[in-house]
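Novice: Quick one: the structure is below, and I'll ask about it shortly.
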Amino acid sequence: MHELTYAQAINEGIREEMRRNQKIMVLGEDVGKYGGVFGVTRGLFDEFGGERVRDCPLNEAAIVSFAIGLAIQGRPAIAELEFMDFTTFAMDPITNQAPKLRYFWGGQVSVPLTVRTPIAAGLGFGTQHSQSLEAWLIHVPGLKVAMPSNAYDAKGLIKSAIRDPNPVVFAESIGLYATKGQIPDEDYTIPFGKAEIKRKGDDVTLVALGLLVPKALKAAEELAGRGVDVEVIDPRTVAPLDIETIIASVKKTGRLVIAHVASKTGGIGAEIAQQVVERAFDSLDGPPVRVAAPDVPIAASAQLESAIIPDVADIVKACLSFRNARA
Amino acid sequence: MHELTYAQAINEGIREEMRRNQKIMVLGEDVGKYGGVFGVTRGLFDEFGGERVRDCPLNEAAIVSFAIGLAIQGRPAIAELEFMDFTTFAMDPITNQAPKLRYFWGGQVSVPLTVRTPIAAGLGFGTQHSQSLEAWLIHVPGLKVAMPSNAYDAKGLIKSAIRDPNPVVFAESIGLYATKGQIPDEDYTIPFGKAEIKRKGDDVTLVALGLLVPKALKAAEELAGRGVDVEVIDPRTVAPLDIETIIASVKKTGRLVIAHVASKTGGIGAEIAQQVVERAFDSLDGPPVRVAAPDVPIAASAQLESAIIPDVADIVKACLSFRNARA
Amino acid sequence: MTLSDEQQIEALRRMWQIRFFEEAAIRLYGEGRYRGSTHPYIAQEATALGVCATLRPTDQVLATYRGHGAAIAKGADPRGMMAELLGKATGMCKGKGGSMHMSQTDVGFLGCNAIVAGHIPIAGGVALAQKLDDTGAVTAVFFGDGASCEGVFYETLNMATLWKLPLLFVVENNEYAISTHVSESISVPNISMRAQGFGLPGVTVDGRDFYAVYDAAGEAVARARRGDGPTLLEAKTVRWGRHSAVAAGPAGANIDKWKLTDPIPRFKQELLQRGVVSEAQISDIERDAKATIDDAVAFAIESPYPELSELQTDMYA
Amino acid sequence: MTLSDEQQIEALRRMWQIRFFEEAAIRLYGEGRYRGSTHPYIAQEATALGVCATLRPTDQVLATYRGHGAAIAKGADPRGMMAELLGKATGMCKGKGGSMHMSQTDVGFLGCNAIVAGHIPIAGGVALAQKLDDTGAVTAVFFGDGASCEGVFYETLNMATLWKLPLLFVVENNEYAISTHVSESISVPNISMRAQGFGLPGVTVDGRDFYAVYDAAGEAVARARRGDGPTLLEAKTVRWGRHSAVAAGPAGANIDKWKLTDPIPRFKQELLQRGVVSEAQISDIERDAKATIDDAVAFAIESPYPELSELQTDMYA
Ligand SMILES: Cc1ncc(C[n+]2csc(CCOP(=O)(O)OP(=O)(O)O)c2C)c(N)n1
Ligand SMILES: Cc1ncc(C[n+]2csc(CCOP(=O)(O)OP(=O)(O)O)c2C)c(N)n1
Ligand SMILES: [Mg+2]
Ligand SMILES: [Mg+2]
């Protein structure tokens, strides 16, 4: 075991995969000598050189498209977009090309593409640098989407993403980059579509994504003190989504809370809720509850922003909102 | 009263607004002399000239961005994207600029922008020309989204969109362009956020969007023959969404079906369902049911595509799926 | 590079195949045998052949929705193409792609793309892979004058030049993007002039002249193989008339002008003059090309539609 | 155009204001008075002033996230700016925009934009509106070398040239986009050369030389006002060191090089040489600029944060 931050864990995962497979490439803005704007690719340039760890001009559409070109030529490619908000410039390759090429060519190619991009919510960067846009991506058939919440998962998931012969968007949380975790010394991966039950509980099922997983665990602790026993589930990947684990939990608890930093309307919360409602309606004591940002652009002012990004207190409140709370 | 097709109704709406306000501009590919790839802007060039009805080079990002520049200078702008799938190239101006500028500038400007774009689902154009992407857009605070289902609404809504000092995406359905409707001779608009109950019914609430509204009405008729009385609701705009009308209906029927052509996961169906579940859980006999495209890219082959795009039979089946059907 | 007689004969054969393929595509559309649309390559055949005659089987080609010509020129199978057009299970993409997404990777045809210009930066990535593989292979990417307005085209010009990629940009300037004339959409008289802002060679040739295209492409390909980087090749051409089988009335060059500049009779004439073929041989080639396409049509019509279970296949590797 | 003494003095004052503003911004960030980031305009002051000195109040300016300089140069209020930086209710955007979204439309400053290059085509639309208004007003859009790689820049070059828009593209080539040197990202030695591919004039000047910028911008603005269309003006400059207040260690030009090329002492020297001001006056101007920024800082610190109810305002007009 060794200790790494979330950012270092991703770095180690990429590094190990690049050692395993000489064909793997990294492309992006400032990913080379500089090591990435948040340091995630630090040292890769030194180890693998500028051919494989490639600083690109500032053009997201071309970066992701070039990565697709490499991928369909048998070179698994990892493209970095510096903030998730900039997926807007690369939406065509991310949604119209990468996840569809194999399909509309009748299976003639595979597209081993990983698009890494961090979510900056809650850091005061303002509305064009703070969005969590995974809801767009789960609506694109053919695309996989990972949202790691801790260092261990981050490493295991990035390795799976890179090995996956299909396009993956790997959504990191800047707010988690410095959090530390214990990492096994031996090779491991975490499969896509397999949720983790972070805490067992009988009263409420709490599904949290990315940045909100640690907050959900804090909330659960606080709630335990109040006699409410919360089961915390981290889906880890939202496409594919391990709905089975969530449903099994809800069948036990009868209550569902979903927490994400993205704005509420059209967010993933609705999708998870509806899938549970469709399949476990009779088990539910009441409607699933969403904890999410309100439907406003994200203001830069710290005071305003902190009222936007969901926090422990919001999660606690949601878990206590059920009418016939058992506890 | 006069009869117009859906396409002509939009045309007439734009024309009337351009006569009312000399500042209004139209921009897009082939919107000028040619009258638009689907003929929606036909004749506008002749009446208003090439300055106001402006053929643009083939570059969607710049077209929408230029329209934003015009809008913030007090010139309401109507930008056309030839297929909704091409919003991918204009996602930055559509989502990071237009709906946020006013907010992050503290209200100093308004952005009277209308982005018109048609959904081609079901016409055999293949996967990059057949998507219905409204779910992405309702997840963007500050953006309004209209999805007219008939000629009368199309005219009333396009006029509201153009008069609205805020950005609107106006999602047309190519499959409806040729459908006819009676249009009043006098000026009228249809407010955003006001659903229409297209058919009253007591047994099932059926919310349908755009292309599926006529199919929903056909399904309702068929179901009436089988003794199931369906209330058909057309939200007309999905942002803002008139959830009150839907909830009032569900409180009566206890059953909700939502039908859209977009793929199911992450689609609007989940959002509508969850809003209803949140506020009318106790009124529901069972889980809301979604009728949507399966989560696959849209194949070109007619046989495959017709199995993807939801049809009358799919809607009928969904409405009959409730366990304790009253009828 | 010099062209053998066989190569020139094969080029004529494929030009005819393209012509007959597209005529059949329009006819079959009219008969309601498929939906969506199709974008005929008619009158542009000399460009695809002029470029592809300089390529090896291991080189790669990417094209737009108006890409049937490039497909045939790169050696794609007309049967698979025609079946694809009709959405049949025997189509090269199992019917999932249709007219605008044909591809046949085993002959180096990395497909058509229905997003205008979307394939240009993908071609950049393909060329980067080739450069890293260091086998001397090159990529040619075909696109239209309209496509040359999309930002990704310029992004790719910059990156390809910066990284000296073995990439040949072939812009087919047929004067129109649907209804929009180049004079209304492009700020310079020749699209090859864009190259001046990016530091790569830019060349304009008559795209209806097989030999002119071949010579210019040959130089560009040689340059790319040497590791000297990309070239922007503008082939000036005309459009037969309608943008697509569904588009409203002719907005492009009219048919009389088109007949005068038809690249096929012109190429035939040159082949005769150069003594590469006789009149009789030419008739044989034409007949043979016709037979190939007739066979493809029959094959496509007889082929079954895909099973519904195919909906769920090919999404993930 | 000739510059009056007052104009030159005002230019120096604003250059100092920018410098002091940015120094304060870095200091306040260090003190934890706001979060996010800030991108100092230090060492680039002569460019903003050289351009804005050619503009009228009714002309428009759009800038990037590194836009405090352009804001002050166009006449934005330092109090409103500083309060905005700190996220206060008295900020020019009520605290909702922060460092990267400052704007003050009543002085023709149509804001900073945090999406690199996102504002360039918006500036195109603003210039189109001006052309239609036919008042002789022009737009200047500031952006960096990095931004010049984004496709929307080229799309706007093409459209602005095609439509002869009154638009001045000001690319501030400070050699770096965060860590990436222009030699690694741009395929030509001067960014102004891009203009050659688009048919508009392209000029490179020393961006640290107020008069050089002023002259080149003046010509471009005159051309634009005449209806002759856009110009691409490249101002070569250096970056003080770090990309932003949060970015890791210096990747740009080092501080010694920077001191040698500091545009403010240089401009001061020239003003003295030209006899526009005396040493004593210069000290007064510097002191006055300092006082303005000190006052802005005090104002900003004392100002209240926005009410939470402000979250819901300004979304819709
Ligand atoms: C991104 C995108 N925008 C618009 C379209 C619609 N469209 C299809 S073909 C075409 C014109 C393309 O013109 P050009 O590139 O000159 O090619 P040509 O049709 O002349 O071969 C347009 C606008 C599209 N398919 N993709
Ligand atoms: C679309 C987009 N991509 C990436 C970024 C991240 N980013 C912010 S500033 C910057 C570098 C910009 O360099 P340049 O245009 O030269 O401006 P400078 O910082 O030198 O003023 C980058 C990559 C962004 N904000 N927006
Ligand atoms: Mg063309
Ligand atoms: Mg720079």
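Identifiers for the structure tokens are assigned positionally: chains receive A, B, ... in sequence, residues are indexed from 1 per chain, and ligands are indexed from 1 in the order shown.
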Residues of chain C within 9 Å of chain A, using only C-alpha atoms, as number ranges by chain?
Specialist: C: 91-98, 101-106, 111, 113, 115, 118-130, 132, 151-153, 155-156, 158-159, 313-317
Novice: After a least-squares superposition on chain A using every in-order C-alpha pair, I'd like chain B written out as a short mmCIF file (atom, residue, chain, number, x, y, z; two decimals) with C-alpha atoms, in the first residue's frame.
Specialist:
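Saved to selection06.cif:
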data_model
loop_
_atom_site.label_atom_id
_atom_site.label_comp_id
_atom_site.auth_asym_id
_atom_site.auth_seq_id
_atom_site.Cartn_x
_atom_site.Cartn_y
_atom_site.Cartn_z
CA MET B 1 0.03 0.00 -0.02
CA HIS B 2 1.11 3.55 -0.61
CA GLU B 3 -0.60 6.85 -0.11
CA LEU B 4 -1.49 9.05 -3.05
CA THR B 5 -3.72 12.00 -3.67
CA TYR B 6 -6.60 11.65 -6.09
CA ALA B 7 -4.58 13.58 -8.70
CA GLN B 8 -1.52 11.41 -8.16
CA ALA B 9 -3.61 8.27 -8.34
CA ILE B 10 -4.88 9.23 -11.77
CA ASN B 11 -1.34 10.05 -12.77
CA GLU B 12 -0.09 6.66 -11.57
CA GLY B 13 -2.92 4.90 -13.39
CA ILE B 14 -2.09 6.60 -16.66
CA ARG B 15 1.62 5.98 -16.16
CA GLU B 16 1.15 2.27 -15.53
CA GLU B 17 -1.08 1.88 -18.55
CA MET B 18 1.38 3.78 -20.74
CA ARG B 19 4.10 1.41 -19.60
CA ARG B 20 1.93 -1.63 -20.37
CA ASN B 21 1.00 -0.41 -23.82
CA GLN B 22 3.45 1.65 -25.85
CA LYS B 23 0.69 2.77 -28.16
CA ILE B 24 -1.16 4.83 -25.59
CA MET B 25 -0.94 8.58 -26.11
CA VAL B 26 -1.82 11.64 -24.06
CA LEU B 27 -2.97 14.82 -25.79
CA GLY B 28 -4.11 18.14 -24.46
CA GLU B 29 -3.29 21.69 -23.55
CA ASP B 30 -0.34 22.00 -21.16
CA VAL B 31 -0.25 18.25 -20.51
CA GLY B 32 3.43 17.92 -21.43
CA LYS B 33 6.35 19.61 -19.70
CA TYR B 34 3.99 21.59 -17.53
CA GLY B 35 2.23 18.45 -16.34
CA GLY B 36 -1.31 19.70 -16.76
CA VAL B 37 -2.98 22.77 -15.29
CA PHE B 38 -3.80 20.76 -12.20
CA GLY B 39 -0.66 18.64 -12.29
CA VAL B 40 -2.41 15.40 -13.17
CA THR B 41 -0.04 14.51 -16.02
CA ARG B 42 3.09 15.58 -14.14
CA GLY B 43 6.18 13.58 -15.05
CA LEU B 44 4.61 11.71 -17.94
CA PHE B 45 6.40 13.91 -20.46
CA ASP B 46 9.74 13.11 -18.83
CA GLU B 47 9.09 9.42 -18.84
CA PHE B 48 7.38 8.96 -22.19
CA GLY B 49 8.54 11.93 -24.20
CA GLY B 50 6.80 14.56 -26.24
CA GLU B 51 5.65 12.20 -28.96
CA ARG B 52 3.41 10.27 -26.60
CA VAL B 53 2.61 13.08 -24.17
CA ARG B 54 1.73 15.76 -26.57
CA ASP B 55 1.15 19.43 -25.90
CA CYS B 56 -1.47 20.68 -28.31
CA PRO B 57 -2.48 24.10 -29.50
CA LEU B 58 -5.45 25.59 -27.74
CA ASN B 59 -8.27 23.92 -29.67
CA GLU B 60 -10.46 21.42 -27.93
CA ALA B 61 -12.41 20.20 -30.95
CA ALA B 62 -9.25 19.23 -32.78
CA ILE B 63 -7.67 17.70 -29.69
CA VAL B 64 -10.52 15.27 -29.14
CA SER B 65 -10.87 14.63 -32.86
CA PHE B 66 -7.17 13.90 -33.27
CA ALA B 67 -7.48 11.52 -30.34
CA ILE B 68 -10.31 9.75 -32.16
CA GLY B 69 -8.13 9.47 -35.26
CA LEU B 70 -5.37 7.90 -33.19
CA ALA B 71 -7.84 5.60 -31.45
CA ILE B 72 -9.32 4.20 -34.64
CA GLN B 73 -5.77 3.54 -35.82
CA GLY B 74 -5.16 1.36 -32.79
CA ARG B 75 -3.58 3.93 -30.51
CA PRO B 76 -5.62 4.34 -27.31
CA ALA B 77 -5.71 8.06 -26.72
CA ILE B 78 -6.24 10.10 -23.60
CA ALA B 79 -7.34 13.65 -24.31
CA GLU B 80 -7.51 16.26 -21.59
CA LEU B 81 -9.92 19.20 -21.53
CA GLU B 82 -8.83 21.66 -18.89
CA PHE B 83 -12.31 22.26 -17.45
CA MET B 84 -15.46 20.27 -18.09
CA ASP B 85 -17.10 23.51 -19.29
CA PHE B 86 -14.89 23.36 -22.38
CA THR B 87 -16.54 20.15 -23.58
CA THR B 88 -18.78 22.66 -25.34
CA PHE B 89 -16.07 23.21 -27.95
CA ALA B 90 -15.57 19.47 -28.36
CA MET B 91 -19.19 18.35 -28.28
CA ASP B 92 -19.13 17.23 -31.87
CA PRO B 93 -16.29 14.74 -31.56
CA ILE B 94 -17.43 13.69 -28.08
CA THR B 95 -21.05 13.04 -29.02
CA ASN B 96 -21.42 12.80 -32.80
CA GLN B 97 -18.19 11.02 -33.62
CA ALA B 98 -16.55 8.95 -30.89
CA PRO B 99 -19.61 7.10 -29.60
CA LYS B 100 -21.21 6.59 -33.03
CA LEU B 101 -18.36 5.74 -35.41
CA ARG B 102 -18.24 2.08 -34.52
CA TYR B 103 -21.98 1.78 -34.79
CA PHE B 104 -22.53 3.54 -38.07
CA TRP B 105 -19.59 1.73 -39.60
CA GLY B 106 -21.12 -1.58 -38.59
CA GLY B 107 -18.42 -2.51 -36.10
CA GLN B 108 -15.41 -1.98 -38.36
CA VAL B 109 -13.44 0.03 -35.80
CA SER B 110 -13.19 0.41 -32.09
CA VAL B 111 -12.60 3.78 -30.44
CA PRO B 112 -10.38 3.44 -27.38
CA LEU B 113 -10.68 7.07 -26.34
CA THR B 114 -10.57 8.57 -22.86
CA VAL B 115 -11.52 12.21 -22.45
CA ARG B 116 -10.33 13.38 -19.05
CA THR B 117 -11.84 16.57 -17.75
CA PRO B 118 -12.21 18.12 -14.32
CA ILE B 119 -15.26 19.66 -12.70
CA ALA B 120 -14.38 22.88 -10.87
CA ALA B 121 -17.62 23.41 -8.96
CA GLY B 122 -17.28 25.35 -5.74
CA LEU B 123 -13.91 26.96 -6.33
CA GLY B 124 -14.94 30.47 -7.29
CA PHE B 125 -14.01 30.30 -10.96
CA GLY B 126 -17.36 31.62 -12.08
CA THR B 127 -20.06 30.34 -14.32
CA GLN B 128 -18.01 29.28 -17.35
CA HIS B 129 -15.59 27.27 -15.24
CA SER B 130 -17.77 25.51 -12.70
CA GLN B 131 -20.19 23.21 -14.44
CA SER B 132 -20.76 19.51 -13.95
CA LEU B 133 -22.14 18.39 -17.28
CA GLU B 134 -22.38 14.61 -16.98
CA ALA B 135 -26.13 14.74 -17.65
CA TRP B 136 -25.45 15.72 -21.26
CA LEU B 137 -23.18 12.75 -21.69
CA ILE B 138 -25.35 9.98 -20.24
CA HIS B 139 -27.89 10.97 -22.88
CA VAL B 140 -25.47 9.90 -25.63
CA PRO B 141 -25.74 6.20 -26.45
CA GLY B 142 -22.29 4.70 -26.89
CA LEU B 143 -20.53 6.94 -24.40
CA LYS B 144 -19.32 5.78 -20.99
CA VAL B 145 -18.92 8.23 -18.13
CA ALA B 146 -16.91 7.79 -14.93
CA MET B 147 -17.00 10.12 -11.92
CA PRO B 148 -14.51 8.94 -9.32
CA SER B 149 -14.91 10.18 -5.76
CA ASN B 150 -11.63 9.10 -4.18
CA ALA B 151 -8.03 8.27 -5.00
CA TYR B 152 -8.43 4.50 -4.97
CA ASP B 153 -11.35 4.55 -7.37
CA ALA B 154 -9.75 7.21 -9.51
CA LYS B 155 -6.78 4.98 -10.21
CA GLY B 156 -8.82 1.85 -10.77
CA LEU B 157 -11.30 3.62 -13.01
CA ILE B 158 -8.78 5.50 -15.13
CA LYS B 159 -7.05 2.21 -15.85
CA SER B 160 -10.35 0.64 -16.88
CA ALA B 161 -11.14 3.67 -19.00
CA ILE B 162 -7.85 3.46 -20.84
CA ARG B 163 -8.18 -0.28 -21.41
CA ASP B 164 -11.75 0.08 -22.56
CA PRO B 165 -11.95 -0.14 -26.35
CA ASN B 166 -14.83 2.35 -26.22
CA PRO B 167 -15.04 6.09 -25.64
CA VAL B 168 -15.13 7.17 -22.02
CA VAL B 169 -15.48 10.59 -20.49
CA PHE B 170 -13.60 10.62 -17.22
CA ALA B 171 -14.97 13.44 -15.08
CA GLU B 172 -12.63 14.36 -12.25
CA SER B 173 -13.39 16.71 -9.39
CA ILE B 174 -10.86 19.45 -8.74
CA GLY B 175 -12.20 19.70 -5.22
CA LEU B 176 -10.97 16.14 -4.64
CA TYR B 177 -7.54 16.37 -6.27
CA ALA B 178 -5.77 16.86 -2.96
CA THR B 179 -7.66 14.17 -1.04
CA LYS B 180 -5.55 11.18 -0.12
CA GLY B 181 -6.12 7.46 -0.28
CA GLN B 182 -4.32 4.16 0.22
CA ILE B 183 -3.35 2.56 -3.08
CA PRO B 184 -2.41 -1.13 -3.39
CA ASP B 185 1.06 -1.73 -4.77
CA GLU B 186 -0.20 -4.31 -7.23
CA ASP B 187 -2.10 -3.68 -10.43
CA TYR B 188 -5.87 -3.33 -10.05
CA THR B 189 -8.76 -1.96 -12.01
CA ILE B 190 -12.31 -1.09 -11.09
CA PRO B 191 -14.97 -2.28 -13.47
CA PHE B 192 -17.40 0.16 -15.03
CA GLY B 193 -21.02 -0.22 -14.00
CA LYS B 194 -20.30 -1.45 -10.48
CA ALA B 195 -21.42 0.85 -7.68
CA GLU B 196 -19.81 0.78 -4.27
CA ILE B 197 -21.77 0.78 -1.06
CA LYS B 198 -19.64 3.17 0.94
CA ARG B 199 -21.65 2.76 4.11
CA LYS B 200 -24.37 0.29 5.03
CA GLY B 201 -27.61 1.61 6.40
CA ASP B 202 -31.28 0.69 6.76
CA ASP B 203 -33.21 3.94 6.75
CA VAL B 204 -32.31 5.95 3.67
CA THR B 205 -30.49 5.15 0.44
CA LEU B 206 -28.23 8.06 -0.43
CA VAL B 207 -26.70 8.04 -3.91
CA ALA B 208 -23.95 10.63 -4.29
CA LEU B 209 -21.72 11.50 -7.22
CA GLY B 210 -18.10 12.59 -7.34
CA LEU B 211 -17.40 15.58 -5.13
CA LEU B 212 -20.50 14.89 -3.05
CA VAL B 213 -19.52 11.38 -1.95
CA PRO B 214 -17.28 12.55 0.90
CA LYS B 215 -19.97 15.05 1.85
CA ALA B 216 -22.57 12.29 1.78
CA LEU B 217 -20.45 10.22 4.13
CA LYS B 218 -20.13 13.15 6.50
CA ALA B 219 -23.86 13.67 6.32
CA ALA B 220 -24.43 10.00 7.05
CA GLU B 221 -22.28 10.24 10.14
CA GLU B 222 -24.14 13.26 11.36
CA LEU B 223 -27.43 11.51 10.69
CA ALA B 224 -26.29 8.42 12.54
CA GLY B 225 -25.93 10.66 15.58
CA ARG B 226 -29.56 11.56 15.08
CA GLY B 227 -30.57 7.95 14.77
CA VAL B 228 -31.00 7.85 10.99
CA ASP B 229 -29.08 5.02 9.40
CA VAL B 230 -28.05 6.00 5.90
CA GLU B 231 -26.77 3.70 3.18
CA VAL B 232 -24.37 5.65 0.99
CA ILE B 233 -23.88 4.47 -2.57
CA ASP B 234 -21.27 5.77 -4.98
CA PRO B 235 -22.14 4.66 -8.54
CA ARG B 236 -18.55 5.48 -9.62
CA THR B 237 -19.65 5.34 -13.24
CA VAL B 238 -22.89 6.93 -14.34
CA ALA B 239 -22.85 5.30 -17.78
CA PRO B 240 -23.14 2.39 -17.38
CA LEU B 241 -25.04 2.92 -14.16
CA ASP B 242 -25.33 0.15 -11.60
CA ILE B 243 -28.99 0.62 -10.95
CA GLU B 244 -29.32 -2.87 -9.48
CA THR B 245 -27.30 -1.98 -6.41
CA ILE B 246 -29.36 1.17 -5.91
CA ILE B 247 -32.64 -0.65 -6.30
CA ALA B 248 -31.61 -3.40 -3.92
CA SER B 249 -30.83 -0.74 -1.35
CA VAL B 250 -34.09 1.14 -1.88
CA LYS B 251 -36.01 -2.11 -1.47
CA LYS B 252 -34.52 -2.24 1.97
CA THR B 253 -34.75 1.41 2.99
CA GLY B 254 -37.79 2.60 1.08
CA ARG B 255 -36.25 6.03 0.72
CA LEU B 256 -33.96 7.51 -1.87
CA VAL B 257 -31.88 10.67 -1.90
CA ILE B 258 -29.67 11.54 -4.86
CA ALA B 259 -26.98 14.21 -4.52
CA HIS B 260 -25.00 15.84 -7.31
CA VAL B 261 -23.33 19.20 -7.87
CA ALA B 262 -24.92 19.75 -11.29
CA SER B 263 -28.00 21.90 -11.46
CA LYS B 264 -31.22 20.09 -10.67
CA THR B 265 -33.38 20.30 -13.77
CA GLY B 266 -32.30 17.79 -16.34
CA GLY B 267 -29.60 16.46 -14.05
CA ILE B 268 -28.75 12.84 -13.43
CA GLY B 269 -30.82 12.84 -10.27
CA ALA B 270 -34.01 12.64 -12.31
CA GLU B 271 -32.75 9.69 -14.31
CA ILE B 272 -31.69 7.69 -11.27
CA ALA B 273 -34.91 8.52 -9.49
CA GLN B 274 -37.07 7.48 -12.42
CA GLN B 275 -35.22 4.21 -12.93
CA VAL B 276 -35.80 3.40 -9.29
CA VAL B 277 -39.43 4.48 -9.43
CA GLU B 278 -39.96 2.34 -12.51
CA ARG B 279 -38.63 -0.75 -10.85
CA ALA B 280 -39.22 -0.33 -7.12
CA PHE B 281 -42.28 1.87 -6.88
CA ASP B 282 -43.96 -0.30 -4.30
CA SER B 283 -40.91 -0.26 -2.07
CA LEU B 284 -40.82 3.51 -1.86
CA ASP B 285 -42.17 5.24 1.22
CA GLY B 286 -42.19 8.52 -0.62
CA PRO B 287 -40.76 10.30 -3.63
CA PRO B 288 -37.03 10.25 -4.24
CA VAL B 289 -35.43 13.49 -3.17
CA ARG B 290 -32.84 15.38 -5.20
CA VAL B 291 -30.01 17.40 -3.72
CA ALA B 292 -28.56 19.51 -6.49
CA ALA B 293 -27.51 23.01 -7.42
CA PRO B 294 -30.42 25.37 -8.04
CA ASP B 295 -31.14 26.19 -11.68
CA VAL B 296 -29.00 29.29 -11.95
CA PRO B 297 -25.66 30.04 -13.59
CA ILE B 298 -22.89 29.68 -11.04
CA ALA B 299 -21.98 33.07 -9.66
CA ALA B 300 -18.34 33.88 -8.95
CA SER B 301 -18.84 35.56 -5.59
CA ALA B 302 -17.89 33.09 -2.90
CA GLN B 303 -20.96 33.86 -0.86
CA LEU B 304 -23.30 33.21 -3.74
CA GLU B 305 -21.46 30.20 -4.99
CA SER B 306 -21.44 28.48 -1.63
CA ALA B 307 -25.20 28.82 -1.58
CA ILE B 308 -25.33 27.11 -4.95
CA ILE B 309 -23.09 24.10 -4.47
CA PRO B 310 -24.80 21.44 -2.34
CA ASP B 311 -23.21 20.85 1.02
CA VAL B 312 -23.40 18.44 3.96
CA ALA B 313 -26.25 20.37 5.49
CA ASP B 314 -28.31 20.13 2.31
CA ILE B 315 -27.81 16.39 2.23
CA VAL B 316 -28.71 16.01 5.91
CA LYS B 317 -31.84 18.01 5.38
CA ALA B 318 -32.87 15.90 2.42
CA CYS B 319 -32.38 12.70 4.35
CA LEU B 320 -34.58 14.03 7.13
CA SER B 321 -37.31 15.19 4.77
CA PHE B 322 -39.22 11.95 4.58
CA ARG B 323 -42.58 12.23 6.23
CA ASN B 324 -42.65 9.00 8.11
CA ALA B 325 -39.00 8.97 9.00
CA ARG B 326 -38.48 5.67 10.76
CA ALA B 327 -35.82 6.89 13.12
#
Novice: Just want the residues within 9 Å of ligand 3, written as a list in words, counting only C-alpha atoms and all ligand atoms.
Specialist: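 Listing the residues within 9 Å of ligand 3 gives Phe143, Gly144, Asp145, Gly146, Ala147, Val171, Glu172, Asn173, Asn174, Glu175, Tyr176, Ala177, Ile178, Thr180, His181, Val182, Thr237, Val238, Arg239 and His243 of chain C.
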Novice: Residues near Ser187 of chain D, anyone? I mean within 7 Å using only C-alpha atoms, not counting same-chain ones fewer than 4 positions away, as number ranges by chain.
Specialist: C: 158, 161-162, 198-199
Novice: Find, counting only C-alpha atoms, the residue in D:Ala117, D:Met82, D:Val51, D:Ile186 that gets nearest to chain C.
Specialist: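 Answer, going by the shortest atom-to-atom distance: D:Ile186.
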Novice: Of the candidates D:Ile191, D:Ala83, D:Leu168, D:Leu110, which shows the shortest atom-to-atom distance to chain C, using only C-alpha atoms?
Specialist: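 Of D:Ile191, D:Ala83, D:Leu168, D:Leu110, the one nearest chain C is D:Ile191, counting only C-alpha atoms.
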Novice: Can you list every residue in segment 62-157 of chain A that DSSP puts in alpha helix (DSSP H), as a PyMOL selection string?
Specialist: chain A and resi 62-72+91+98-104+134-138+151-157
Novice: For the atom pair atom CA of Thr2 of chain D and atom CA of Ala137 of chain D, what is the interatomic distance in Å to one decimal place?
Specialist: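 Rounded to one decimal, the two atoms are 18.6 Å apart.
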Novice: Pick out each residue of segment 231-326 of chain A that DSSP on the backbone tags as strand (DSSP E or B); I need them as a ChimeraX atom specification.
Specialist: /A:231-234,237-239,241,256-263,289-293
Novice: Write out as a list of chain:residue names which residues come within 12 Å of Leu271 of chain D when counting only C-alpha atoms, dropping same-chain ones fewer than 3 positions away.
Specialist: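 Neighbouring residues, sequence-local ones excluded: D:Leu3, D:Ser4, D:Asp5, D:Glu6, D:Gln7, D:Gln8, D:Ile9, D:Glu10, D:Ala11, D:Leu12, D:Asp209, D:Phe210, D:Tyr211, D:Ile264, D:Pro265, D:Arg266, D:Phe267, D:Lys268, D:Arg274, D:Gly275, D:Val276, D:Val277, D:Ser278, D:Glu279, D:Gln281, D:Ile282.
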Novice: Smallest atom-to-atom distance to chain D: which of C:Gly67, C:Gly80, C:Gly197, C:Gly87, using only C-alpha atoms?
Specialist: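 The answer is C:Gly197, which sits nearest to chain D.
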Novice: Which value, in Å to one decimal, gives the distance between atom CA of Ala46 of chain D and atom CA of Val138 of chain D?
Specialist: 20.0 Å
Novice: I'd like the neighbourhood of segment 212-216 of chain C as a VMD selection string, where a residue qualifies if any of its atoms comes within 9 Å (using only C-alpha atoms), though same-chain residues fewer than 6 positions away should be ignored.
Specialist: chain C and resid 1 46 to 54 203 to 206 233 235
